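Take a look at the structure set out below.
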Amino acid sequence: MKLFFQISRIIVGIIFIFSGFVKVVDPVGTGIKLEEYFEVFSQDLPALEGFFMFFAHNSLILSLIFCALEVILGVATLLSYRMKVTSWLLLGIIVFFTFLTFYSAYFNKVTDCGCFGDFLKLKPWTSFEKDIFLTILIIFIFIYRNKYTNSNQNLVMLVTTILSFGIGIYAIRYLPPIDFLPYAIGKSIPEQMKPTGVKPIMEFTFLNKKTKEEIVAKEFLMDTLTYKYVSMVTLNEDKLKPKITDYSISDPQGNNYTDSTFIGNKLLVILKGVNGIENEQLVQLKSLIADSEKNGITPMVLTSVIQSDYQKFSETNGIKTPYFSADATVLKTMARTNPCVILLQNGVVKGKWGNHSIPNKEILAEKLK
């Protein structure tokens with residue numbers, strides 16, 4: 001029995017480290033998911049709207065804490081570090097996550113829980129089942145918490161804590177050091193918009209009219225005298241869709257410019273909003289735009305801001321670059337900071353920079369070699 005408790009500790013530790021790491025490299029993404037959850041709660045429980053909206057507005061801070069805490073607890077569990085305290089924290093965080101995944105699955109809301117960030121997408125019920133599995137193991141760990149041999153790894157835990165929060169803060173200030181998104185450096189946007197070519201795998205359910213039993217078949221049964229069709233599901237539905245389905249760019253008049261962004265060298269300046277941009281960043285952007293035009297790179301401003309607000313912003317700051325509209329969710333996926341600069345060469349992402357690392361013309365030229 002002792003071996004079982006030790007195995008439970010190791011499994012939970014490894015899963016928490018992995019889950020936390022793939023999220024802490026991109027806490028903005030997890031923050032977006034948490035914000036979605038809190039907005040749904042505020043709509044479903046209007047009496048507590050103010051309470052949930054407070055957390056929604058502070059979702060990024062909560063995301064950083066949760067993501068870093070997952071890694072820290074995973075390492076602590078793996079090292080059997082202060083298991084009395086660690087087990088309580090494990091239990092608390094898994095109850096919270098299990099509630100979120102159950103709510104997501106049962107009410108079919110926020111259908112991507114983000115349990116493993118953008119590295120691995122799980123269906124809502126799969127996420128809930130994963131959390132139930134972890135909850136069972138953590139309950140065993142909690143019961144056995146006083147019998148674990150505690151290790152004295154204060155230095156390791158201190159380094160883990162610093163690294164966990166450090167990676168998360170770096171990702172928020174700059175960009176994710178490891179990018180699992182379809183707009184990562186080296187990836188082709190148009191290629192990821194093409195049909196996958198994967199054949200759908202169907203599973204049919206029929207009712208045997210004679211025996212009244214349900215039968216699952218891989219093919220449609222044509223014998224209608226014996227079988228009655230009940231339902232059909234696509235087993236590999238997640239593999240049928242292209243990785244990018246919502247990338248669409250249009251000018252203020254509504255003309256589609258999506259394909260034109262894939263021709264030649266393009267500098268996409270992404271402005272998810274026009275508030276809070278520092279003056280130094282604006283100066284760097286305008287300089288970069290001017291240099292790009294001189295070096296055969298076409299600059300394009302992509303924004304989800306309403307037209308009147310952007311025009312007022314551009315006139316105030318002297319930005320004359322043509323601007324185009326894109327869906328706000330798409331821009332959140334493309335750019336984790338505001339502003340953000342993406343360099344495309346025939347649709348392939350050659351470079352990507354956050355608001356605190358805006359490049360110069362030399363860097364752009366190097367990326368295009």
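We name chains A, B, ... following the order of the structure tokens; residues begin at 1 in each chain, and ligands are numbered from 1 as shown.
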Write out as a PDB file with N, CA, C and O atoms, in the first residue's frame each polymer residue whose atoms come within 8 Å of range 336-353 of chain A, counting only C-alpha atoms; drop sequence neighbours fewer than 4 positions from it.
ATOM      1  N   VAL A  28      -0.808  34.577 -20.514  1.00  0.00           N
ATOM      2  CA  VAL A  28      -1.848  35.426 -21.118  1.00  0.00           C
ATOM      3  C   VAL A  28      -2.960  34.552 -21.693  1.00  0.00           C
ATOM      4  O   VAL A  28      -4.143  34.858 -21.561  1.00  0.00           O
ATOM      5  N   GLY A  29      -2.568  33.433 -22.327  1.00  0.00           N
ATOM      6  CA  GLY A  29      -3.563  32.513 -22.881  1.00  0.00           C
ATOM      7  C   GLY A  29      -4.454  31.931 -21.809  1.00  0.00           C
ATOM      8  O   GLY A  29      -5.688  31.858 -21.969  1.00  0.00           O
ATOM      9  N   ILE A 172       4.625  37.515 -20.164  1.00  0.00           N
ATOM     10  CA  ILE A 172       3.650  38.604 -20.157  1.00  0.00           C
ATOM     11  C   ILE A 172       4.272  39.887 -20.704  1.00  0.00           C
ATOM     12  O   ILE A 172       3.653  40.606 -21.493  1.00  0.00           O
ATOM     13  N   ARG A 173       5.488  40.152 -20.293  1.00  0.00           N
ATOM     14  CA  ARG A 173       6.152  41.403 -20.697  1.00  0.00           C
ATOM     15  C   ARG A 173       6.599  41.358 -22.154  1.00  0.00           C
ATOM     16  O   ARG A 173       6.523  42.370 -22.858  1.00  0.00           O
ATOM     17  N   TYR A 174       7.066  40.225 -22.594  1.00  0.00           N
ATOM     18  CA  TYR A 174       7.544  40.093 -23.969  1.00  0.00           C
ATOM     19  C   TYR A 174       6.562  39.203 -24.745  1.00  0.00           C
ATOM     20  O   TYR A 174       5.468  39.614 -25.075  1.00  0.00           O
ATOM     21  N   LEU A 175       6.959  37.973 -25.028  1.00  0.00           N
ATOM     22  CA  LEU A 175       6.084  37.004 -25.687  1.00  0.00           C
ATOM     23  C   LEU A 175       6.421  35.628 -25.116  1.00  0.00           C
ATOM     24  O   LEU A 175       7.482  35.450 -24.506  1.00  0.00           O
ATOM     25  N   PRO A 176       5.541  34.633 -25.296  1.00  0.00           N
ATOM     26  CA  PRO A 176       5.846  33.290 -24.794  1.00  0.00           C
ATOM     27  C   PRO A 176       7.200  32.791 -25.301  1.00  0.00           C
ATOM     28  O   PRO A 176       7.448  32.810 -26.510  1.00  0.00           O
ATOM     29  N   TYR A 183       0.448  30.701 -34.956  1.00  0.00           N
ATOM     30  CA  TYR A 183       1.109  31.883 -35.504  1.00  0.00           C
ATOM     31  C   TYR A 183       2.539  32.008 -34.981  1.00  0.00           C
ATOM     32  O   TYR A 183       3.101  33.105 -34.945  1.00  0.00           O
ATOM     33  N   ALA A 184       3.121  30.890 -34.589  1.00  0.00           N
ATOM     34  CA  ALA A 184       4.485  30.890 -34.062  1.00  0.00           C
ATOM     35  C   ALA A 184       5.493  31.079 -35.186  1.00  0.00           C
ATOM     36  O   ALA A 184       5.189  30.847 -36.368  1.00  0.00           O
ATOM     37  N   ILE A 185       6.691  31.502 -34.831  1.00  0.00           N
ATOM     38  CA  ILE A 185       7.757  31.706 -35.810  1.00  0.00           C
ATOM     39  C   ILE A 185       8.040  30.400 -36.551  1.00  0.00           C
ATOM     40  O   ILE A 185       8.172  29.338 -35.951  1.00  0.00           O
ATOM     41  N   GLY A 186       8.142  30.505 -37.875  1.00  0.00           N
ATOM     42  CA  GLY A 186       8.426  29.348 -38.722  1.00  0.00           C
ATOM     43  C   GLY A 186       7.197  28.700 -39.313  1.00  0.00           C
ATOM     44  O   GLY A 186       7.305  27.883 -40.233  1.00  0.00           O
ATOM     45  N   LYS A 187       6.012  29.060 -38.830  1.00  0.00           N
ATOM     46  CA  LYS A 187       4.784  28.441 -39.325  1.00  0.00           C
ATOM     47  C   LYS A 187       4.169  29.259 -40.457  1.00  0.00           C
ATOM     48  O   LYS A 187       4.245  30.489 -40.471  1.00  0.00           O
ATOM     49  N   SER A 188       3.556  28.547 -41.385  1.00  0.00           N
ATOM     50  CA  SER A 188       2.908  29.187 -42.525  1.00  0.00           C
ATOM     51  C   SER A 188       1.415  29.335 -42.242  1.00  0.00           C
ATOM     52  O   SER A 188       0.711  28.339 -42.033  1.00  0.00           O
ATOM     53  N   ILE A 189       0.927  30.559 -42.260  1.00  0.00           N
ATOM     54  CA  ILE A 189      -0.491  30.800 -41.997  1.00  0.00           C
ATOM     55  C   ILE A 189      -1.371  30.221 -43.107  1.00  0.00           C
ATOM     56  O   ILE A 189      -2.335  29.495 -42.825  1.00  0.00           O
ATOM     57  N   PRO A 190      -1.070  30.490 -44.395  1.00  0.00           N
ATOM     58  CA  PRO A 190      -1.941  29.933 -45.443  1.00  0.00           C
ATOM     59  C   PRO A 190      -1.947  28.409 -45.487  1.00  0.00           C
ATOM     60  O   PRO A 190      -2.990  27.806 -45.798  1.00  0.00           O
ATOM     61  N   THR A 261      -2.107  39.468 -47.603  1.00  0.00           N
ATOM     62  CA  THR A 261      -1.120  39.453 -46.507  1.00  0.00           C
ATOM     63  C   THR A 261      -0.107  38.326 -46.689  1.00  0.00           C
ATOM     64  O   THR A 261       0.928  38.306 -46.016  1.00  0.00           O
ATOM     65  N   PHE A 262      -0.419  37.396 -47.596  1.00  0.00           N
ATOM     66  CA  PHE A 262       0.473  36.250 -47.825  1.00  0.00           C
ATOM     67  C   PHE A 262       1.402  36.454 -49.030  1.00  0.00           C
ATOM     68  O   PHE A 262       2.121  35.540 -49.410  1.00  0.00           O
ATOM     69  N   ILE A 263       1.369  37.643 -49.617  1.00  0.00           N
ATOM     70  CA  ILE A 263       2.183  37.905 -50.805  1.00  0.00           C
ATOM     71  C   ILE A 263       3.350  38.822 -50.443  1.00  0.00           C
ATOM     72  O   ILE A 263       3.139  39.942 -49.946  1.00  0.00           O
ATOM     73  N   GLY A 264       4.573  38.349 -50.660  1.00  0.00           N
ATOM     74  CA  GLY A 264       5.752  39.167 -50.403  1.00  0.00           C
ATOM     75  C   GLY A 264       6.038  39.335 -48.924  1.00  0.00           C
ATOM     76  O   GLY A 264       5.620  38.537 -48.083  1.00  0.00           O
ATOM     77  N   ASN A 265       6.754  40.406 -48.601  1.00  0.00           N
ATOM     78  CA  ASN A 265       7.132  40.696 -47.218  1.00  0.00           C
ATOM     79  C   ASN A 265       6.140  41.667 -46.600  1.00  0.00           C
ATOM     80  O   ASN A 265       5.916  42.763 -47.120  1.00  0.00           O
ATOM     81  N   LYS A 266       5.547  41.251 -45.502  1.00  0.00           N
ATOM     82  CA  LYS A 266       4.562  42.082 -44.824  1.00  0.00           C
ATOM     83  C   LYS A 266       4.953  42.267 -43.356  1.00  0.00           C
ATOM     84  O   LYS A 266       5.410  41.329 -42.702  1.00  0.00           O
ATOM     85  N   LEU A 267       4.781  43.496 -42.882  1.00  0.00           N
ATOM     86  CA  LEU A 267       5.001  43.796 -41.471  1.00  0.00           C
ATOM     87  C   LEU A 267       3.638  44.062 -40.844  1.00  0.00           C
ATOM     88  O   LEU A 267       3.027  45.099 -41.090  1.00  0.00           O
ATOM     89  N   LEU A 268       3.146  43.114 -40.059  1.00  0.00           N
ATOM     90  CA  LEU A 268       1.848  43.274 -39.413  1.00  0.00           C
ATOM     91  C   LEU A 268       2.040  43.929 -38.048  1.00  0.00           C
ATOM     92  O   LEU A 268       2.681  43.361 -37.160  1.00  0.00           O
ATOM     93  N   VAL A 269       1.503  45.122 -37.919  1.00  0.00           N
ATOM     94  CA  VAL A 269       1.535  45.838 -36.638  1.00  0.00           C
ATOM     95  C   VAL A 269       0.170  45.634 -35.989  1.00  0.00           C
ATOM     96  O   VAL A 269      -0.833  46.185 -36.453  1.00  0.00           O
ATOM     97  N   ILE A 270       0.131  44.838 -34.945  1.00  0.00           N
ATOM     98  CA  ILE A 270      -1.144  44.458 -34.331  1.00  0.00           C
ATOM     99  C   ILE A 270      -1.435  45.353 -33.135  1.00  0.00           C
ATOM    100  O   ILE A 270      -0.653  45.437 -32.188  1.00  0.00           O
ATOM    101  N   LEU A 271      -2.584  46.014 -33.211  1.00  0.00           N
ATOM    102  CA  LEU A 271      -3.052  46.866 -32.122  1.00  0.00           C
ATOM    103  C   LEU A 271      -4.396  46.315 -31.645  1.00  0.00           C
ATOM    104  O   LEU A 271      -5.432  46.550 -32.270  1.00  0.00           O
ATOM    105  N   LYS A 272      -4.367  45.563 -30.557  1.00  0.00           N
ATOM    106  CA  LYS A 272      -5.618  45.013 -30.024  1.00  0.00           C
ATOM    107  C   LYS A 272      -6.462  46.103 -29.381  1.00  0.00           C
ATOM    108  O   LYS A 272      -7.682  45.983 -29.271  1.00  0.00           O
ATOM    109  N   GLY A 273      -5.794  47.161 -28.944  1.00  0.00           N
ATOM    110  CA  GLY A 273      -6.461  48.310 -28.359  1.00  0.00           C
ATOM    111  C   GLY A 273      -5.593  49.530 -28.567  1.00  0.00           C
ATOM    112  O   GLY A 273      -4.421  49.412 -28.920  1.00  0.00           O
ATOM    113  N   ILE A 277      -0.889  52.354 -24.642  1.00  0.00           N
ATOM    114  CA  ILE A 277       0.347  52.199 -25.412  1.00  0.00           C
ATOM    115  C   ILE A 277       1.294  53.337 -25.046  1.00  0.00           C
ATOM    116  O   ILE A 277       0.926  54.517 -25.114  1.00  0.00           O
ATOM    117  N   LYS A 332      -5.978  38.270 -30.413  1.00  0.00           N
ATOM    118  CA  LYS A 332      -5.508  37.786 -29.113  1.00  0.00           C
ATOM    119  C   LYS A 332      -4.652  36.543 -29.271  1.00  0.00           C
ATOM    120  O   LYS A 332      -3.711  36.319 -28.503  1.00  0.00           O
ATOM    121  N   SER A 357       9.926  44.724 -27.039  1.00  0.00           N
ATOM    122  CA  SER A 357      11.084  44.278 -27.832  1.00  0.00           C
ATOM    123  C   SER A 357      10.878  44.592 -29.313  1.00  0.00           C
ATOM    124  O   SER A 357      11.173  43.775 -30.177  1.00  0.00           O
ATOM    125  N   ILE A 358      10.333  45.783 -29.582  1.00  0.00           N
ATOM    126  CA  ILE A 358      10.077  46.184 -30.970  1.00  0.00           C
ATOM    127  C   ILE A 358      11.404  46.241 -31.726  1.00  0.00           C
ATOM    128  O   ILE A 358      12.353  46.895 -31.279  1.00  0.00           O
ATOM    129  N   PRO A 359      11.516  45.558 -32.862  1.00  0.00           N
ATOM    130  CA  PRO A 359      12.802  45.448 -33.565  1.00  0.00           C
ATOM    131  C   PRO A 359      13.161  46.704 -34.361  1.00  0.00           C
ATOM    132  O   PRO A 359      12.356  47.633 -34.482  1.00  0.00           O
ATOM    133  N   LEU A 364      14.951  43.092 -38.881  1.00  0.00           N
ATOM    134  CA  LEU A 364      14.011  42.647 -39.923  1.00  0.00           C
ATOM    135  C   LEU A 364      14.765  42.080 -41.123  1.00  0.00           C
ATOM    136  O   LEU A 364      14.405  41.025 -41.658  1.00  0.00           O
ATOM    137  N   LYS A 367      16.123  38.662 -40.405  1.00  0.00           N
ATOM    138  CA  LYS A 367      15.086  37.629 -40.390  1.00  0.00           C
ATOM    139  C   LYS A 367      14.656  37.201 -41.800  1.00  0.00           C
ATOM    140  O   LYS A 367      14.231  36.070 -42.007  1.00  0.00           O
ATOM    141  N   LEU A 368      14.789  38.112 -42.761  1.00  0.00           N
ATOM    142  CA  LEU A 368      14.338  37.837 -44.117  1.00  0.00           C
ATOM    143  C   LEU A 368      15.414  37.174 -44.971  1.00  0.00           C
ATOM    144  O   LEU A 368      15.155  36.790 -46.107  1.00  0.00           O
TER     145      LEU A 368
END
Nearest to Ile14 in chain A among A:Leu100, A:Leu134, A:Thr245, A:Val274, with distances taken over only C-alpha atoms: which residue is it?
A:Leu134
Please identify the alpha helix (DSSP H) residues within range 130-318 of chain A (assignment by DSSP from backbone atoms) and present them as a short mmCIF file (atom, residue, chain, number, x, y, z; two decimals) with N, CA and C atoms, in the first residue's frame.
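The result, written out as part-v2.cif:
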data_model
loop_
_atom_site.label_atom_id
_atom_site.label_comp_id
_atom_site.auth_asym_id
_atom_site.auth_seq_id
_atom_site.Cartn_x
_atom_site.Cartn_y
_atom_site.Cartn_z
N LYS A 130 -10.03 13.68 -16.58
CA LYS A 130 -8.64 13.81 -16.16
C LYS A 130 -8.55 14.40 -14.75
N ASP A 131 -9.39 15.39 -14.46
CA ASP A 131 -9.38 16.01 -13.13
C ASP A 131 -9.94 15.08 -12.06
N ILE A 132 -10.91 14.26 -12.43
CA ILE A 132 -11.43 13.27 -11.47
C ILE A 132 -10.34 12.28 -11.11
N PHE A 133 -9.59 11.83 -12.13
CA PHE A 133 -8.46 10.92 -11.89
C PHE A 133 -7.44 11.55 -10.94
N LEU A 134 -7.10 12.82 -11.19
CA LEU A 134 -6.15 13.51 -10.32
C LEU A 134 -6.72 13.72 -8.92
N THR A 135 -8.01 14.02 -8.85
CA THR A 135 -8.65 14.23 -7.54
C THR A 135 -8.55 12.98 -6.68
N ILE A 136 -8.79 11.82 -7.29
CA ILE A 136 -8.70 10.55 -6.55
C ILE A 136 -7.29 10.34 -6.02
N LEU A 137 -6.30 10.55 -6.87
CA LEU A 137 -4.91 10.38 -6.44
C LEU A 137 -4.55 11.37 -5.35
N ILE A 138 -5.00 12.61 -5.49
CA ILE A 138 -4.68 13.64 -4.49
C ILE A 138 -5.36 13.35 -3.16
N ILE A 139 -6.56 12.78 -3.20
CA ILE A 139 -7.22 12.39 -1.95
C ILE A 139 -6.40 11.33 -1.22
N PHE A 140 -5.86 10.38 -1.98
CA PHE A 140 -4.98 9.37 -1.36
C PHE A 140 -3.73 10.03 -0.78
N ILE A 141 -3.16 10.97 -1.51
CA ILE A 141 -1.99 11.70 -1.01
C ILE A 141 -2.34 12.47 0.25
N PHE A 142 -3.51 13.08 0.26
CA PHE A 142 -3.96 13.86 1.42
C PHE A 142 -4.14 12.95 2.64
N ILE A 143 -4.72 11.78 2.43
CA ILE A 143 -4.91 10.84 3.54
C ILE A 143 -3.58 10.38 4.11
N ASN A 154 14.88 23.16 0.41
CA ASN A 154 14.49 24.57 0.40
C ASN A 154 15.08 25.33 -0.79
N LEU A 155 16.34 25.05 -1.10
CA LEU A 155 17.00 25.76 -2.20
C LEU A 155 16.35 25.41 -3.54
N VAL A 156 16.03 24.13 -3.74
CA VAL A 156 15.39 23.70 -4.99
C VAL A 156 14.03 24.37 -5.14
N MET A 157 13.27 24.42 -4.05
CA MET A 157 11.94 25.03 -4.10
C MET A 157 12.03 26.54 -4.33
N LEU A 158 13.06 27.17 -3.77
CA LEU A 158 13.24 28.61 -3.98
C LEU A 158 13.55 28.88 -5.45
N VAL A 159 14.45 28.09 -6.02
CA VAL A 159 14.81 28.25 -7.44
C VAL A 159 13.58 27.98 -8.33
N THR A 160 12.81 26.94 -7.98
CA THR A 160 11.60 26.61 -8.74
C THR A 160 10.61 27.76 -8.72
N THR A 161 10.42 28.35 -7.56
CA THR A 161 9.49 29.47 -7.42
C THR A 161 9.94 30.67 -8.25
N ILE A 162 11.22 31.00 -8.16
CA ILE A 162 11.76 32.14 -8.92
C ILE A 162 11.63 31.90 -10.42
N LEU A 163 12.00 30.69 -10.86
CA LEU A 163 11.92 30.37 -12.29
C LEU A 163 10.48 30.37 -12.79
N SER A 164 9.57 29.81 -12.01
CA SER A 164 8.17 29.72 -12.43
C SER A 164 7.56 31.10 -12.63
N PHE A 165 7.73 31.96 -11.63
CA PHE A 165 7.20 33.31 -11.76
C PHE A 165 7.99 34.12 -12.78
N GLY A 166 9.30 33.87 -12.85
CA GLY A 166 10.14 34.60 -13.80
C GLY A 166 9.76 34.32 -15.23
N ILE A 167 9.54 33.05 -15.56
CA ILE A 167 9.12 32.67 -16.92
C ILE A 167 7.78 33.30 -17.26
N GLY A 168 6.85 33.25 -16.31
CA GLY A 168 5.53 33.82 -16.54
C GLY A 168 5.58 35.33 -16.76
N ILE A 169 6.36 36.03 -15.93
CA ILE A 169 6.47 37.49 -16.07
C ILE A 169 7.14 37.85 -17.39
N TYR A 170 8.17 37.08 -17.76
CA TYR A 170 8.83 37.31 -19.06
C TYR A 170 7.84 37.15 -20.21
N ALA A 171 7.02 36.10 -20.16
CA ALA A 171 6.04 35.85 -21.22
C ALA A 171 5.02 36.97 -21.30
N ILE A 172 4.62 37.52 -20.16
CA ILE A 172 3.65 38.60 -20.16
C ILE A 172 4.27 39.89 -20.70
N ARG A 173 5.49 40.15 -20.29
CA ARG A 173 6.15 41.40 -20.70
C ARG A 173 6.60 41.36 -22.15
N ILE A 189 0.93 30.56 -42.26
CA ILE A 189 -0.49 30.80 -42.00
C ILE A 189 -1.37 30.22 -43.11
N PRO A 190 -1.07 30.49 -44.39
CA PRO A 190 -1.94 29.93 -45.44
C PRO A 190 -1.95 28.41 -45.49
N GLU A 191 -0.81 27.78 -45.19
CA GLU A 191 -0.77 26.31 -45.19
C GLU A 191 -1.68 25.75 -44.11
N GLN A 192 -1.75 26.44 -42.97
CA GLN A 192 -2.58 25.96 -41.86
C GLN A 192 -4.06 26.29 -42.05
N ASN A 279 4.31 56.08 -25.15
CA ASN A 279 4.77 56.98 -26.20
C ASN A 279 6.05 56.46 -26.85
N GLU A 280 6.93 55.86 -26.04
CA GLU A 280 8.18 55.30 -26.58
C GLU A 280 7.90 54.19 -27.58
N GLN A 281 6.90 53.38 -27.30
CA GLN A 281 6.53 52.30 -28.21
C GLN A 281 5.98 52.85 -29.52
N LEU A 282 5.20 53.92 -29.44
CA LEU A 282 4.67 54.55 -30.65
C LEU A 282 5.79 55.11 -31.52
N VAL A 283 6.77 55.74 -30.88
CA VAL A 283 7.91 56.29 -31.61
C VAL A 283 8.66 55.16 -32.32
N GLN A 284 8.88 54.04 -31.61
CA GLN A 284 9.58 52.90 -32.20
C GLN A 284 8.79 52.31 -33.36
N LEU A 285 7.48 52.20 -33.20
CA LEU A 285 6.64 51.64 -34.26
C LEU A 285 6.66 52.51 -35.51
N LYS A 286 6.52 53.81 -35.34
CA LYS A 286 6.52 54.71 -36.50
C LYS A 286 7.85 54.67 -37.23
N SER A 287 8.93 54.59 -36.46
CA SER A 287 10.26 54.49 -37.06
C SER A 287 10.41 53.18 -37.82
N LEU A 288 9.92 52.09 -37.24
CA LEU A 288 10.00 50.78 -37.88
C LEU A 288 9.17 50.74 -39.15
N ILE A 289 7.99 51.34 -39.11
CA ILE A 289 7.11 51.37 -40.28
C ILE A 289 7.78 52.14 -41.42
N ALA A 290 8.37 53.28 -41.10
CA ALA A 290 9.03 54.09 -42.12
C ALA A 290 10.21 53.35 -42.74
N ASP A 291 11.00 52.68 -41.89
CA ASP A 291 12.15 51.92 -42.38
C ASP A 291 11.71 50.73 -43.23
N SER A 292 10.60 50.11 -42.86
CA SER A 292 10.10 48.95 -43.60
C SER A 292 9.71 49.33 -45.01
N GLU A 293 9.02 50.45 -45.13
CA GLU A 293 8.57 50.91 -46.44
C GLU A 293 9.76 51.18 -47.36
N LYS A 294 10.86 51.66 -46.79
CA LYS A 294 12.06 51.96 -47.58
C LYS A 294 12.79 50.69 -48.01
N GLN A 307 -13.77 51.64 -36.00
CA GLN A 307 -13.14 52.53 -36.98
C GLN A 307 -12.96 53.95 -36.48
N SER A 308 -13.98 54.51 -35.87
CA SER A 308 -13.90 55.91 -35.42
C SER A 308 -12.83 56.10 -34.35
N ASP A 309 -12.73 55.13 -33.42
CA ASP A 309 -11.73 55.23 -32.36
C ASP A 309 -10.31 55.10 -32.91
N TYR A 310 -10.15 54.20 -33.89
CA TYR A 310 -8.80 54.04 -34.44
C TYR A 310 -8.39 55.26 -35.25
N GLN A 311 -9.31 55.80 -36.03
CA GLN A 311 -8.99 56.98 -36.83
C GLN A 311 -8.59 58.15 -35.95
N LYS A 312 -9.28 58.31 -34.83
CA LYS A 312 -8.93 59.37 -33.89
C LYS A 312 -7.53 59.13 -33.32
N PHE A 313 -7.24 57.88 -32.98
CA PHE A 313 -5.93 57.52 -32.43
C PHE A 313 -4.83 57.76 -33.46
N SER A 314 -5.05 57.31 -34.70
CA SER A 314 -4.01 57.45 -35.73
C SER A 314 -3.76 58.91 -36.08
N GLU A 315 -4.80 59.72 -36.12
CA GLU A 315 -4.63 61.14 -36.42
C GLU A 315 -3.88 61.85 -35.30
N THR A 316 -4.21 61.49 -34.06
CA THR A 316 -3.54 62.11 -32.91
C THR A 316 -2.06 61.80 -32.88
N ASN A 317 -1.71 60.56 -33.28
CA ASN A 317 -0.32 60.11 -33.18
C ASN A 317 0.42 60.12 -34.51
#
Running DSSP on the backbone, which parts of range 203-341 of chain A land in strand (DSSP E), as a PyMOL selection string?
chain A and resi 203-208+214-217+227-234+265-271+298-303+323-325+340-341
Within 9 Å of range 219-221 of chain A, counting only C-alpha atoms, which residues qualify if same-chain residues fewer than 4 places away don't, as a PyMOL selection string?
chain A and resi 202-206+227-229
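Comparing the minimum interatomic distances between Pro242 in chain A and each of A:Ile17, A:Met193, A:Val25, A:Leu60, counting only C-alpha atoms, we find that A:Met193 sits nearest.
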Pairwise distance, CA of Ile306 in chain A with CA of Lys33 in chain A, equals 23.7 Å
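The smallest atom-to-atom distance between Ala68 in chain A and any of A:Glu36, A:Val24, A:Thr303, A:Asn108, using only C-alpha atoms, is found for A:Val24.
What separates CA of Met1 in chain A from CA of Ser127 in chain A is a distance of 28.0 Å.
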Could you state the separation of CA of Leu73 in chain A and CA of Arg145 in chain A in Å, given to one decimal place?
14.0 Å
Can you list, as a list in words, every protein, DNA or RNA residue that comes within 10 Å of Tyr103 in chain A when you count only C-alpha atoms, leaving out same-chain residues fewer than 6 positions away?
Tyr37, Phe41, Phe97, Lys109, Val110, Thr111, Cys113, Pro124, Trp125 and Phe128 of chain A
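Of the residues under consideration (A:Val198, A:Met232, A:Ile72, A:Ala326), A:Ile72 shows the shortest atom-to-atom contact distance to Phe21 in chain A when counting only C-alpha atoms.
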Option closest in space to Thr77 in chain A, from A:Ser104, A:Asn355, A:Ser8, A:Ser63 [counting only C-alpha atoms]
A:Ser8
